[in-house]
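S.K.: Contents of start_0.json (JSON, C-alpha atoms):
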[["chain", "number", "residue", "atom", "x", "y", "z"],
["A", 1, "LYS", "CA", 0.00, 0.00, 0.00],
["A", 2, "GLU", "CA", 2.97, 2.30, 0.55],
["A", 3, "VAL", "CA", 3.88, 1.88, -3.12],
["A", 4, "VAL", "CA", 0.44, 3.13, -4.14],
["A", 5, "SER", "CA", 0.86, 6.21, -1.95],
["A", 6, "TRP", "CA", 4.18, 7.08, -3.54],
["A", 7, "ILE", "CA", 3.14, 6.38, -7.10],
["A", 8, "SER", "CA", -0.06, 8.39, -6.54],
["A", 9, "LEU", "CA", 2.03, 11.33, -5.36],
["A", 10, "ALA", "CA", 4.28, 11.00, -8.42],
["A", 11, "VAL", "CA", 1.21, 10.82, -10.67],
["A", 12, "ILE", "CA", -0.15, 14.11, -9.29],
["A", 13, "PHE", "CA", 3.02, 15.94, -10.35],
["A", 14, "CYS", "CA", 3.23, 14.00, -13.61],
["A", 15, "CYS", "CA", -0.32, 15.04, -14.53],
["A", 16, "ILE", "CA", 0.23, 18.67, -13.54],
["A", 17, "CYS", "CA", 3.15, 18.64, -16.00],
["A", 18, "MET", "CA", 0.98, 17.28, -18.81],
["A", 19, "ALA", "CA", -2.20, 19.24, -18.06],
["A", 20, "ILE", "CA", -0.78, 22.73, -18.37],
["A", 21, "PRO", "CA", 0.12, 22.48, -22.07],
["A", 22, "ILE", "CA", -2.95, 20.41, -22.92],
["A", 23, "MET", "CA", -5.27, 23.02, -21.40],
["A", 24, "HIS", "CA", -3.29, 26.17, -22.09],
["A", 25, "LEU", "CA", -1.49, 25.62, -25.40],
["A", 26, "VAL", "CA", -4.19, 27.25, -27.53],
["A", 27, "PRO", "CA", -4.40, 30.40, -25.36],
["A", 28, "LEU", "CA", -0.60, 30.57, -25.19],
["A", 29, "LEU", "CA", -0.32, 30.54, -28.96],
["A", 30, "THR", "CA", -3.15, 33.01, -29.57],
["A", 31, "ASP", "CA", -1.59, 35.34, -26.96],
["A", 32, "GLN", "CA", 1.62, 35.16, -28.99],
["A", 33, "GLY", "CA", -0.25, 36.40, -32.06],
["A", 34, "PHE", "CA", -0.93, 33.11, -33.83],
["A", 35, "SER", "CA", -4.38, 32.54, -35.30],
["A", 36, "LEU", "CA", -6.93, 30.41, -33.51],
["A", 37, "GLY", "CA", -6.88, 28.02, -36.48],
["A", 38, "PHE", "CA", -3.13, 27.53, -36.17],
["A", 39, "ALA", "CA", -3.30, 27.13, -32.38],
["A", 40, "THR", "CA", -5.99, 24.47, -32.57],
["A", 41, "SER", "CA", -4.12, 22.63, -35.32],
["A", 42, "VAL", "CA", -1.08, 22.48, -33.03],
["A", 43, "LEU", "CA", -3.26, 20.97, -30.30],
["A", 44, "MET", "CA", -4.58, 18.46, -32.84],
["A", 45, "VAL", "CA", -1.01, 17.45, -33.74],
["A", 46, "LEU", "CA", -0.24, 17.04, -30.03],
["A", 47, "MET", "CA", -3.25, 14.75, -29.58],
["A", 48, "VAL", "CA", -2.65, 12.68, -32.75],
["A", 49, "PHE", "CA", 0.93, 12.01, -31.73],
["A", 50, "GLY", "CA", -0.43, 11.18, -28.29],
["A", 51, "ALA", "CA", -2.25, 8.21, -29.81],
["A", 52, "PHE", "CA", 1.05, 6.87, -31.15],
["A", 53, "GLY", "CA", 2.77, 7.65, -27.85],
["A", 54, "ARG", "CA", 0.22, 5.60, -25.96],
["A", 55, "ILE", "CA", 0.99, 2.56, -28.10],
["A", 56, "PHE", "CA", 4.75, 3.16, -27.95],
["A", 57, "GLY", "CA", 4.59, 3.60, -24.15],
["A", 58, "GLY", "CA", 3.08, 0.14, -23.86],
["A", 59, "ILE", "CA", 5.68, -1.39, -26.16],
["A", 60, "LEU", "CA", 8.46, 0.42, -24.32],
["A", 61, "GLY", "CA", 7.19, -0.91, -21.00],
["A", 62, "ASP", "CA", 7.21, -4.44, -22.43],
["A", 63, "ARG", "CA", 10.78, -4.05, -23.68],
["A", 64, "ILE", "CA", 12.57, -2.18, -20.88],
["A", 65, "GLY", "CA", 10.13, -2.47, -17.98],
["A", 66, "ALA", "CA", 7.10, -0.46, -16.89],
["A", 67, "LEU", "CA", 8.95, 1.78, -14.42],
["A", 68, "GLN", "CA", 11.80, 2.52, -16.82],
["A", 69, "GLY", "CA", 9.28, 3.30, -19.58],
["A", 70, "TYR", "CA", 7.36, 5.61, -17.23],
["A", 71, "ILE", "CA", 10.58, 7.40, -16.26],
["A", 72, "LEU", "CA", 11.74, 7.79, -19.86],
["A", 73, "MET", "CA", 8.41, 9.14, -21.10],
["A", 74, "SER", "CA", 8.14, 11.43, -18.03],
["A", 75, "LEU", "CA", 11.59, 12.76, -18.76],
["A", 76, "GLY", "CA", 10.50, 13.53, -22.31],
["A", 77, "GLN", "CA", 7.36, 15.42, -21.32],
["A", 78, "THR", "CA", 9.32, 17.33, -18.66],
["A", 79, "ILE", "CA", 11.96, 18.42, -21.15],
["A", 80, "PHE", "CA", 9.51, 19.39, -23.90],
["A", 81, "VAL", "CA", 6.99, 21.27, -21.76],
["A", 82, "VAL", "CA", 9.29, 24.13, -20.78],
["A", 83, "TRP", "CA", 10.03, 25.10, -24.40],
["A", 84, "PHE", "CA", 6.50, 26.07, -25.46],
["A", 85, "PRO", "CA", 6.40, 29.72, -24.25],
["A", 86, "GLY", "CA", 9.59, 30.68, -26.10],
["A", 87, "LEU", "CA", 8.76, 29.16, -29.48],
["A", 88, "ILE", "CA", 8.04, 31.48, -32.41],
["A", 89, "SER", "CA", 8.58, 29.30, -35.48],
["A", 90, "PRO", "CA", 5.39, 27.50, -36.59],
["A", 91, "THR", "CA", 7.43, 24.50, -37.77],
["A", 92, "ILE", "CA", 9.23, 24.17, -34.44],
["A", 93, "ILE", "CA", 5.93, 24.58, -32.57],
["A", 94, "TYR", "CA", 4.46, 21.66, -34.53],
["A", 95, "ILE", "CA", 7.55, 19.54, -33.86],
["A", 96, "MET", "CA", 7.47, 20.34, -30.15],
["A", 97, "ALA", "CA", 3.74, 19.56, -29.99],
["A", 98, "ALA", "CA", 4.38, 16.20, -31.64],
["A", 99, "LEU", "CA", 7.23, 15.36, -29.25],
["A", 100, "PHE", "CA", 5.29, 16.43, -26.18],
["A", 101, "GLY", "CA", 2.16, 14.58, -27.35],
["A", 102, "PHE", "CA", 4.13, 11.43, -27.96],
["A", 103, "THR", "CA", 5.74, 11.44, -24.53],
["A", 104, "TYR", "CA", 2.83, 12.62, -22.38],
["A", 105, "SER", "CA", 0.55, 9.95, -23.72],
["A", 106, "GLY", "CA", 3.23, 7.30, -23.31],
["A", 107, "VAL", "CA", 3.30, 8.26, -19.65],
["A", 108, "MET", "CA", -0.41, 7.59, -19.34],
["A", 109, "SER", "CA", -0.11, 3.98, -20.50],
["A", 110, "SER", "CA", 2.96, 3.42, -18.34],
["A", 111, "ILE", "CA", 1.35, 4.57, -15.09],
["A", 112, "LEU", "CA", -1.25, 1.81, -14.95],
["A", 113, "VAL", "CA", 1.11, -0.95, -16.05],
["A", 114, "CYS", "CA", 3.67, 0.24, -13.53],
["A", 115, "THR", "CA", 1.10, 0.32, -10.75],
["A", 116, "ARG", "CA", -0.18, -3.15, -11.57],
["A", 117, "MET", "CA", 3.31, -4.61, -11.58],
["A", 118, "MET", "CA", 4.21, -3.07, -8.20],
["A", 119, "VAL", "CA", 1.29, -4.40, -6.17],
["A", 120, "PRO", "CA", -0.07, -7.86, -5.41],
["A", 121, "ALA", "CA", -2.78, -9.13, -7.79],
["A", 122, "ASN", "CA", -5.48, -9.03, -5.09],
["A", 123, "TYR", "CA", -4.88, -5.28, -4.69],
["A", 124, "GLY", "CA", -4.34, -4.42, -8.37],
["A", 125, "ALA", "CA", -7.76, -3.04, -9.26],
["A", 126, "ARG", "CA", -7.90, -0.83, -6.18],
["A", 127, "ALA", "CA", -4.34, 0.38, -6.75],
["A", 128, "MET", "CA", -5.01, 1.31, -10.38],
["A", 129, "SER", "CA", -8.23, 3.08, -9.38],
["A", 130, "LEU", "CA", -6.40, 5.09, -6.74],
["A", 131, "THR", "CA", -3.54, 6.12, -9.01],
["A", 132, "SER", "CA", -6.05, 7.10, -11.72],
["A", 133, "PHE", "CA", -7.97, 9.15, -9.16],
["A", 134, "PHE", "CA", -4.83, 11.05, -8.19],
["A", 135, "GLY", "CA", -3.98, 11.47, -11.86],
["A", 136, "TRP", "CA", -7.29, 13.28, -12.37],
["A", 137, "ILE", "CA", -6.51, 15.45, -9.35],
["A", 138, "GLY", "CA", -3.19, 16.35, -11.00],
["A", 139, "MET", "CA", -4.92, 17.11, -14.31],
["A", 140, "GLY", "CA", -7.37, 19.43, -12.57],
["A", 141, "LEU", "CA", -4.63, 21.11, -10.58],
["A", 142, "GLY", "CA", -2.52, 21.58, -13.70],
["A", 143, "GLY", "CA", -5.36, 23.27, -15.54],
["A", 144, "PHE", "CA", -6.19, 25.47, -12.58],
["A", 145, "LEU", "CA", -2.58, 26.38, -11.74],
["A", 146, "GLY", "CA", -1.76, 27.14, -15.37],
["A", 147, "GLY", "CA", -4.58, 29.69, -15.38],
["A", 148, "TYR", "CA", -3.64, 30.97, -11.94],
["A", 149, "PHE", "CA", -0.03, 31.65, -12.92],
["A", 150, "TYR", "CA", -1.27, 33.36, -16.08],
["A", 151, "ASP", "CA", -3.65, 35.54, -14.04],
["A", 152, "ILE", "CA", -0.96, 36.70, -11.61],
["A", 153, "SER", "CA", 1.78, 37.26, -14.22],
["A", 154, "GLY", "CA", -0.06, 38.10, -17.45],
["A", 155, "HIS", "CA", 1.89, 35.48, -19.44],
["A", 156, "TYR", "CA", 2.42, 31.73, -19.53],
["A", 157, "ASN", "CA", 6.13, 31.57, -18.71],
["A", 158, "TRP", "CA", 5.55, 30.79, -15.02],
["A", 159, "ALA", "CA", 2.82, 28.26, -15.80],
["A", 160, "PHE", "CA", 5.01, 26.24, -18.16],
["A", 161, "THR", "CA", 8.01, 26.57, -15.84],
["A", 162, "PHE", "CA", 5.86, 25.22, -13.01],
["A", 163, "ALA", "CA", 4.82, 22.36, -15.29],
["A", 164, "GLY", "CA", 8.50, 21.55, -15.82],
["A", 165, "LEU", "CA", 9.21, 21.71, -12.08],
["A", 166, "SER", "CA", 6.28, 19.37, -11.45],
["A", 167, "GLY", "CA", 7.79, 16.96, -13.96],
["A", 168, "VAL", "CA", 11.11, 17.10, -12.10],
["A", 169, "ILE", "CA", 9.37, 16.34, -8.78],
["A", 170, "ASN", "CA", 7.65, 13.38, -10.46],
["A", 171, "LEU", "CA", 11.02, 12.12, -11.71],
["A", 172, "ILE", "CA", 12.60, 12.50, -8.27],
["A", 173, "ILE", "CA", 9.83, 10.42, -6.69],
["A", 174, "LEU", "CA", 10.11, 7.79, -9.42],
["A", 175, "SER", "CA", 13.88, 7.58, -8.97],
["A", 176, "PHE", "CA", 13.34, 6.20, -5.45],
["A", 177, "PHE", "CA", 11.66, 3.13, -6.88]]
Since I need it in another form, could you write the structure as structure tokens?
M.R.:
Amino acid sequence: KEVVSWISLAVIFCCICMAIPIMHLVPLLTDQGFSLGFATSVLMVLMVFGAFGRIFGGILGDRIGALQGYILMSLGQTIFVVWFPGLISPTIIYIMAALFGFTYSGVMSSILVCTRMMVPANYGARAMSLTSFFGWIGMGLGGFLGGYFYDISGHYNWAFTFAGLSGVINLIILSFF
């Protein structure tokens, strides 16, 4: 049960890291002067590559282990999230959206597999439900905090920096496993 507590804590920070760009990428880009059509197409690219990342995350977990796959995909989303506010080239924005989408969604498939492998079978369903619950808390917090940091600063730099810091906290917790 201690494992579930720790992985749930890691998942909160992991989901804060992924939620900020998912919920605030379109406003970030429109604030930077890009059209709404462009901004939504970037979000679409992020989500499409997320579908491939989900599949790859599962394959990666099978090949190198669930925890190692989770750490690798978390590292990717943490690295890519902090770049969004400074990007000005449409091509680079699309590339970054694809990379972030690929890694964030790979994290999502890794979390449940990792949880299931770390707990006894008779506790597996409860453990996966709990980690998913805390993941949704992290997603809600990420969306809220992204908006909060925007409201107090007038730009998204702090929000995306906080997302990166949340990813680092997630990685620190995971490194203890």
S.K.: Name the closest residue to Ala159 (chain A) among the candidates A:Cys17, A:Ile172, A:Met47, A:Leu99; distances are taken between atoms, counting all atoms listed in the file.
M.R.: A:Cys17
S.K.: How many Å separate CA of Ile71 (chain A) from CA of Met118 (chain A)?
M.R.: 14.7 Å
S.K.: From the set A:Val119, A:Gly142, A:Cys114, A:Leu174, which residue has the shortest atom-to-atom contact distance to Ile64 (chain A), counting all atoms listed in the file?
M.R.: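 Looking only at the distances to Ile64 (chain A), the closest residue turns out to be A:Cys114.
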S.K.: Residues at most 10 Å from Ile137 (chain A), counting only C-alpha atoms, excluding those fewer than 2 positions away in the same chain, as a list of chain:residue names?
M.R.: A:Ser8, A:Val11, A:Ile12, A:Phe13, A:Cys15, A:Ile16, A:Thr131, A:Ser132, A:Phe133, A:Phe134, A:Gly135, A:Met139, A:Gly140, A:Leu141, A:Gly142
S.K.: I need the residue nearest Leu28 (chain A) from this list: A:Cys14, A:Ile55, A:Ile88, A:Ile79. Use only C-alpha atoms for the distance.
M.R.: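 Of all the options, A:Ile88 lies closest to Leu28 (chain A).
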S.K.: Using all atoms listed in the file, which residues sit within 9 Å of Pro90 (chain A) once same-chain residues fewer than 2 positions away are excluded, as a PyMOL selection string?
M.R.: chain A and resi 34+38+42+87-88+92-95
S.K.: I'd like the interatomic distance between CA of Leu29 (chain A) and CA of Asn170 (chain A), to a tenth of an Å.
M.R.: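 CA of Leu29 (chain A) sits 26.5 Å away from CA of Asn170 (chain A).
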S.K.: Using only C-alpha atoms for the distances, tell me which of A:Leu130, A:Leu25, A:Leu72, A:Leu36 is nearest to Phe102 (chain A).
M.R.: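 Result for the nearest residue to Phe102 (chain A): A:Leu72.
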S.K.: Residues near Ala163 (chain A), anyone? I mean within 12 Å using all atoms listed in the file, not counting same-chain ones fewer than 6 positions away, as a ChimeraX atom specification.
M.R.: /A:12-24,74,77-85,138-139,141-147,149,156-157,169-170
S.K.: Please indicate the distance in Å from CA of Asp62 (chain A) to CA of Gly124 (chain A), rounded to one decimal place.
M.R.: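 Pair CA of Asp62 (chain A) / CA of Gly124 (chain A) returns 18.2 Å.
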S.K.: I need the residue nearest Ile173 (chain A) from this list: A:Ala39, A:Ile7, A:Leu75, A:Leu67. Use all atoms listed in the file for the distance.
M.R.: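 Closest candidate: A:Ile7.
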S.K.: Taking into account only C-alpha atoms, which residue in the set A:Pro27, A:Gly57, A:Gln68, A:Ser35 is nearest to Phe177 (chain A)?
M.R.: A:Gln68
S.K.: Reconstruct region 20-31 of chain A at the level of all heavy atoms, and format the result as a PDB file, in the coordinates of the input.
M.R.:
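What landed in out35.pdb:
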ATOM      1  N   ILE A  20      -0.961  21.311 -18.043  1.00  0.00           N
ATOM      2  CA  ILE A  20      -0.780  22.730 -18.370  1.00  0.00           C
ATOM      3  C   ILE A  20      -0.704  22.950 -19.880  1.00  0.00           C
ATOM      4  O   ILE A  20      -1.461  23.757 -20.423  1.00  0.00           O
ATOM      5  CB  ILE A  20       0.405  23.331 -17.585  1.00  0.00           C
ATOM      6  CG1 ILE A  20       0.002  23.445 -16.109  1.00  0.00           C
ATOM      7  CG2 ILE A  20       0.817  24.688 -18.156  1.00  0.00           C
ATOM      8  CD1 ILE A  20       1.085  23.902 -15.157  1.00  0.00           C
ATOM      9  N   PRO A  21       0.139  22.245 -20.623  1.00  0.00           N
ATOM     10  CA  PRO A  21       0.120  22.480 -22.070  1.00  0.00           C
ATOM     11  C   PRO A  21      -1.157  21.992 -22.750  1.00  0.00           C
ATOM     12  O   PRO A  21      -1.625  22.622 -23.696  1.00  0.00           O
ATOM     13  CB  PRO A  21       1.342  21.734 -22.586  1.00  0.00           C
ATOM     14  CG  PRO A  21       1.773  20.852 -21.499  1.00  0.00           C
ATOM     15  CD  PRO A  21       1.243  21.374 -20.221  1.00  0.00           C
ATOM     16  N   ILE A  22      -1.728  20.899 -22.285  1.00  0.00           N
ATOM     17  CA  ILE A  22      -2.950  20.410 -22.920  1.00  0.00           C
ATOM     18  C   ILE A  22      -4.059  21.453 -22.797  1.00  0.00           C
ATOM     19  O   ILE A  22      -4.791  21.711 -23.749  1.00  0.00           O
ATOM     20  CB  ILE A  22      -3.374  19.058 -22.319  1.00  0.00           C
ATOM     21  CG1 ILE A  22      -2.378  17.966 -22.709  1.00  0.00           C
ATOM     22  CG2 ILE A  22      -4.774  18.673 -22.772  1.00  0.00           C
ATOM     23  CD1 ILE A  22      -2.581  16.659 -21.982  1.00  0.00           C
ATOM     24  N   MET A  23      -4.183  22.074 -21.641  1.00  0.00           N
ATOM     25  CA  MET A  23      -5.270  23.020 -21.400  1.00  0.00           C
ATOM     26  C   MET A  23      -4.932  24.457 -21.781  1.00  0.00           C
ATOM     27  O   MET A  23      -5.834  25.259 -21.981  1.00  0.00           O
ATOM     28  CB  MET A  23      -5.689  22.943 -19.942  1.00  0.00           C
ATOM     29  CG  MET A  23      -6.279  21.613 -19.580  1.00  0.00           C
ATOM     30  SD  MET A  23      -6.805  21.577 -17.878  1.00  0.00           S
ATOM     31  CE  MET A  23      -6.909  19.830 -17.600  1.00  0.00           C
ATOM     32  N   HIS A  24      -3.657  24.776 -21.875  1.00  0.00           N
ATOM     33  CA  HIS A  24      -3.290  26.170 -22.090  1.00  0.00           C
ATOM     34  C   HIS A  24      -2.478  26.433 -23.363  1.00  0.00           C
ATOM     35  O   HIS A  24      -2.045  27.562 -23.587  1.00  0.00           O
ATOM     36  CB  HIS A  24      -2.530  26.709 -20.869  1.00  0.00           C
ATOM     37  CG  HIS A  24      -3.384  26.741 -19.644  1.00  0.00           C
ATOM     38  ND1 HIS A  24      -4.318  27.726 -19.420  1.00  0.00           N
ATOM     39  CD2 HIS A  24      -3.476  25.886 -18.596  1.00  0.00           C
ATOM     40  CE1 HIS A  24      -4.929  27.494 -18.281  1.00  0.00           C
ATOM     41  NE2 HIS A  24      -4.443  26.370 -17.758  1.00  0.00           N
ATOM     42  N   LEU A  25      -2.271  25.425 -24.181  1.00  0.00           N
ATOM     43  CA  LEU A  25      -1.490  25.620 -25.400  1.00  0.00           C
ATOM     44  C   LEU A  25      -2.181  26.564 -26.384  1.00  0.00           C
ATOM     45  O   LEU A  25      -1.546  27.458 -26.946  1.00  0.00           O
ATOM     46  CB  LEU A  25      -1.190  24.273 -26.061  1.00  0.00           C
ATOM     47  CG  LEU A  25      -0.280  24.307 -27.283  1.00  0.00           C
ATOM     48  CD1 LEU A  25       1.078  24.929 -26.934  1.00  0.00           C
ATOM     49  CD2 LEU A  25      -0.098  22.917 -27.847  1.00  0.00           C
ATOM     50  N   VAL A  26      -3.469  26.385 -26.598  1.00  0.00           N
ATOM     51  CA  VAL A  26      -4.190  27.250 -27.530  1.00  0.00           C
ATOM     52  C   VAL A  26      -4.173  28.708 -27.056  1.00  0.00           C
ATOM     53  O   VAL A  26      -3.816  29.603 -27.834  1.00  0.00           O
ATOM     54  CB  VAL A  26      -5.623  26.726 -27.788  1.00  0.00           C
ATOM     55  CG1 VAL A  26      -6.451  27.735 -28.569  1.00  0.00           C
ATOM     56  CG2 VAL A  26      -5.565  25.389 -28.531  1.00  0.00           C
ATOM     57  N   PRO A  27      -4.499  29.003 -25.790  1.00  0.00           N
ATOM     58  CA  PRO A  27      -4.400  30.400 -25.360  1.00  0.00           C
ATOM     59  C   PRO A  27      -2.980  30.958 -25.411  1.00  0.00           C
ATOM     60  O   PRO A  27      -2.784  32.127 -25.744  1.00  0.00           O
ATOM     61  CB  PRO A  27      -4.930  30.395 -23.925  1.00  0.00           C
ATOM     62  CG  PRO A  27      -5.581  29.100 -23.714  1.00  0.00           C
ATOM     63  CD  PRO A  27      -5.103  28.158 -24.771  1.00  0.00           C
ATOM     64  N   LEU A  28      -1.990  30.124 -25.094  1.00  0.00           N
ATOM     65  CA  LEU A  28      -0.600  30.570 -25.190  1.00  0.00           C
ATOM     66  C   LEU A  28      -0.281  31.031 -26.605  1.00  0.00           C
ATOM     67  O   LEU A  28       0.270  32.116 -26.812  1.00  0.00           O
ATOM     68  CB  LEU A  28       0.354  29.433 -24.787  1.00  0.00           C
ATOM     69  CG  LEU A  28       1.836  29.641 -25.143  1.00  0.00           C
ATOM     70  CD1 LEU A  28       2.468  30.671 -24.225  1.00  0.00           C
ATOM     71  CD2 LEU A  28       2.591  28.328 -25.096  1.00  0.00           C
ATOM     72  N   LEU A  29      -0.646  30.217 -27.577  1.00  0.00           N
ATOM     73  CA  LEU A  29      -0.320  30.540 -28.960  1.00  0.00           C
ATOM     74  C   LEU A  29      -1.112  31.741 -29.481  1.00  0.00           C
ATOM     75  O   LEU A  29      -0.572  32.578 -30.204  1.00  0.00           O
ATOM     76  CB  LEU A  29      -0.521  29.318 -29.858  1.00  0.00           C
ATOM     77  CG  LEU A  29       0.440  28.154 -29.580  1.00  0.00           C
ATOM     78  CD1 LEU A  29       0.056  26.926 -30.393  1.00  0.00           C
ATOM     79  CD2 LEU A  29       1.878  28.556 -29.837  1.00  0.00           C
ATOM     80  N   THR A  30      -2.377  31.842 -29.115  1.00  0.00           N
ATOM     81  CA  THR A  30      -3.150  33.010 -29.570  1.00  0.00           C
ATOM     82  C   THR A  30      -2.651  34.282 -28.889  1.00  0.00           C
ATOM     83  O   THR A  30      -2.639  35.345 -29.510  1.00  0.00           O
ATOM     84  CB  THR A  30      -4.664  32.820 -29.337  1.00  0.00           C
ATOM     85  OG1 THR A  30      -4.918  32.535 -27.965  1.00  0.00           O
ATOM     86  CG2 THR A  30      -5.210  31.703 -30.218  1.00  0.00           C
ATOM     87  N   ASP A  31      -2.200  34.178 -27.634  1.00  0.00           N
ATOM     88  CA  ASP A  31      -1.590  35.340 -26.960  1.00  0.00           C
ATOM     89  C   ASP A  31      -0.311  35.781 -27.652  1.00  0.00           C
ATOM     90  O   ASP A  31       0.055  36.948 -27.622  1.00  0.00           O
ATOM     91  CB  ASP A  31      -1.279  35.032 -25.492  1.00  0.00           C
ATOM     92  CG  ASP A  31      -2.500  35.087 -24.598  1.00  0.00           C
ATOM     93  OD1 ASP A  31      -3.604  35.364 -25.108  1.00  0.00           O
ATOM     94  OD2 ASP A  31      -2.343  34.837 -23.392  1.00  0.00           O
TER      95      ASP A  31
END
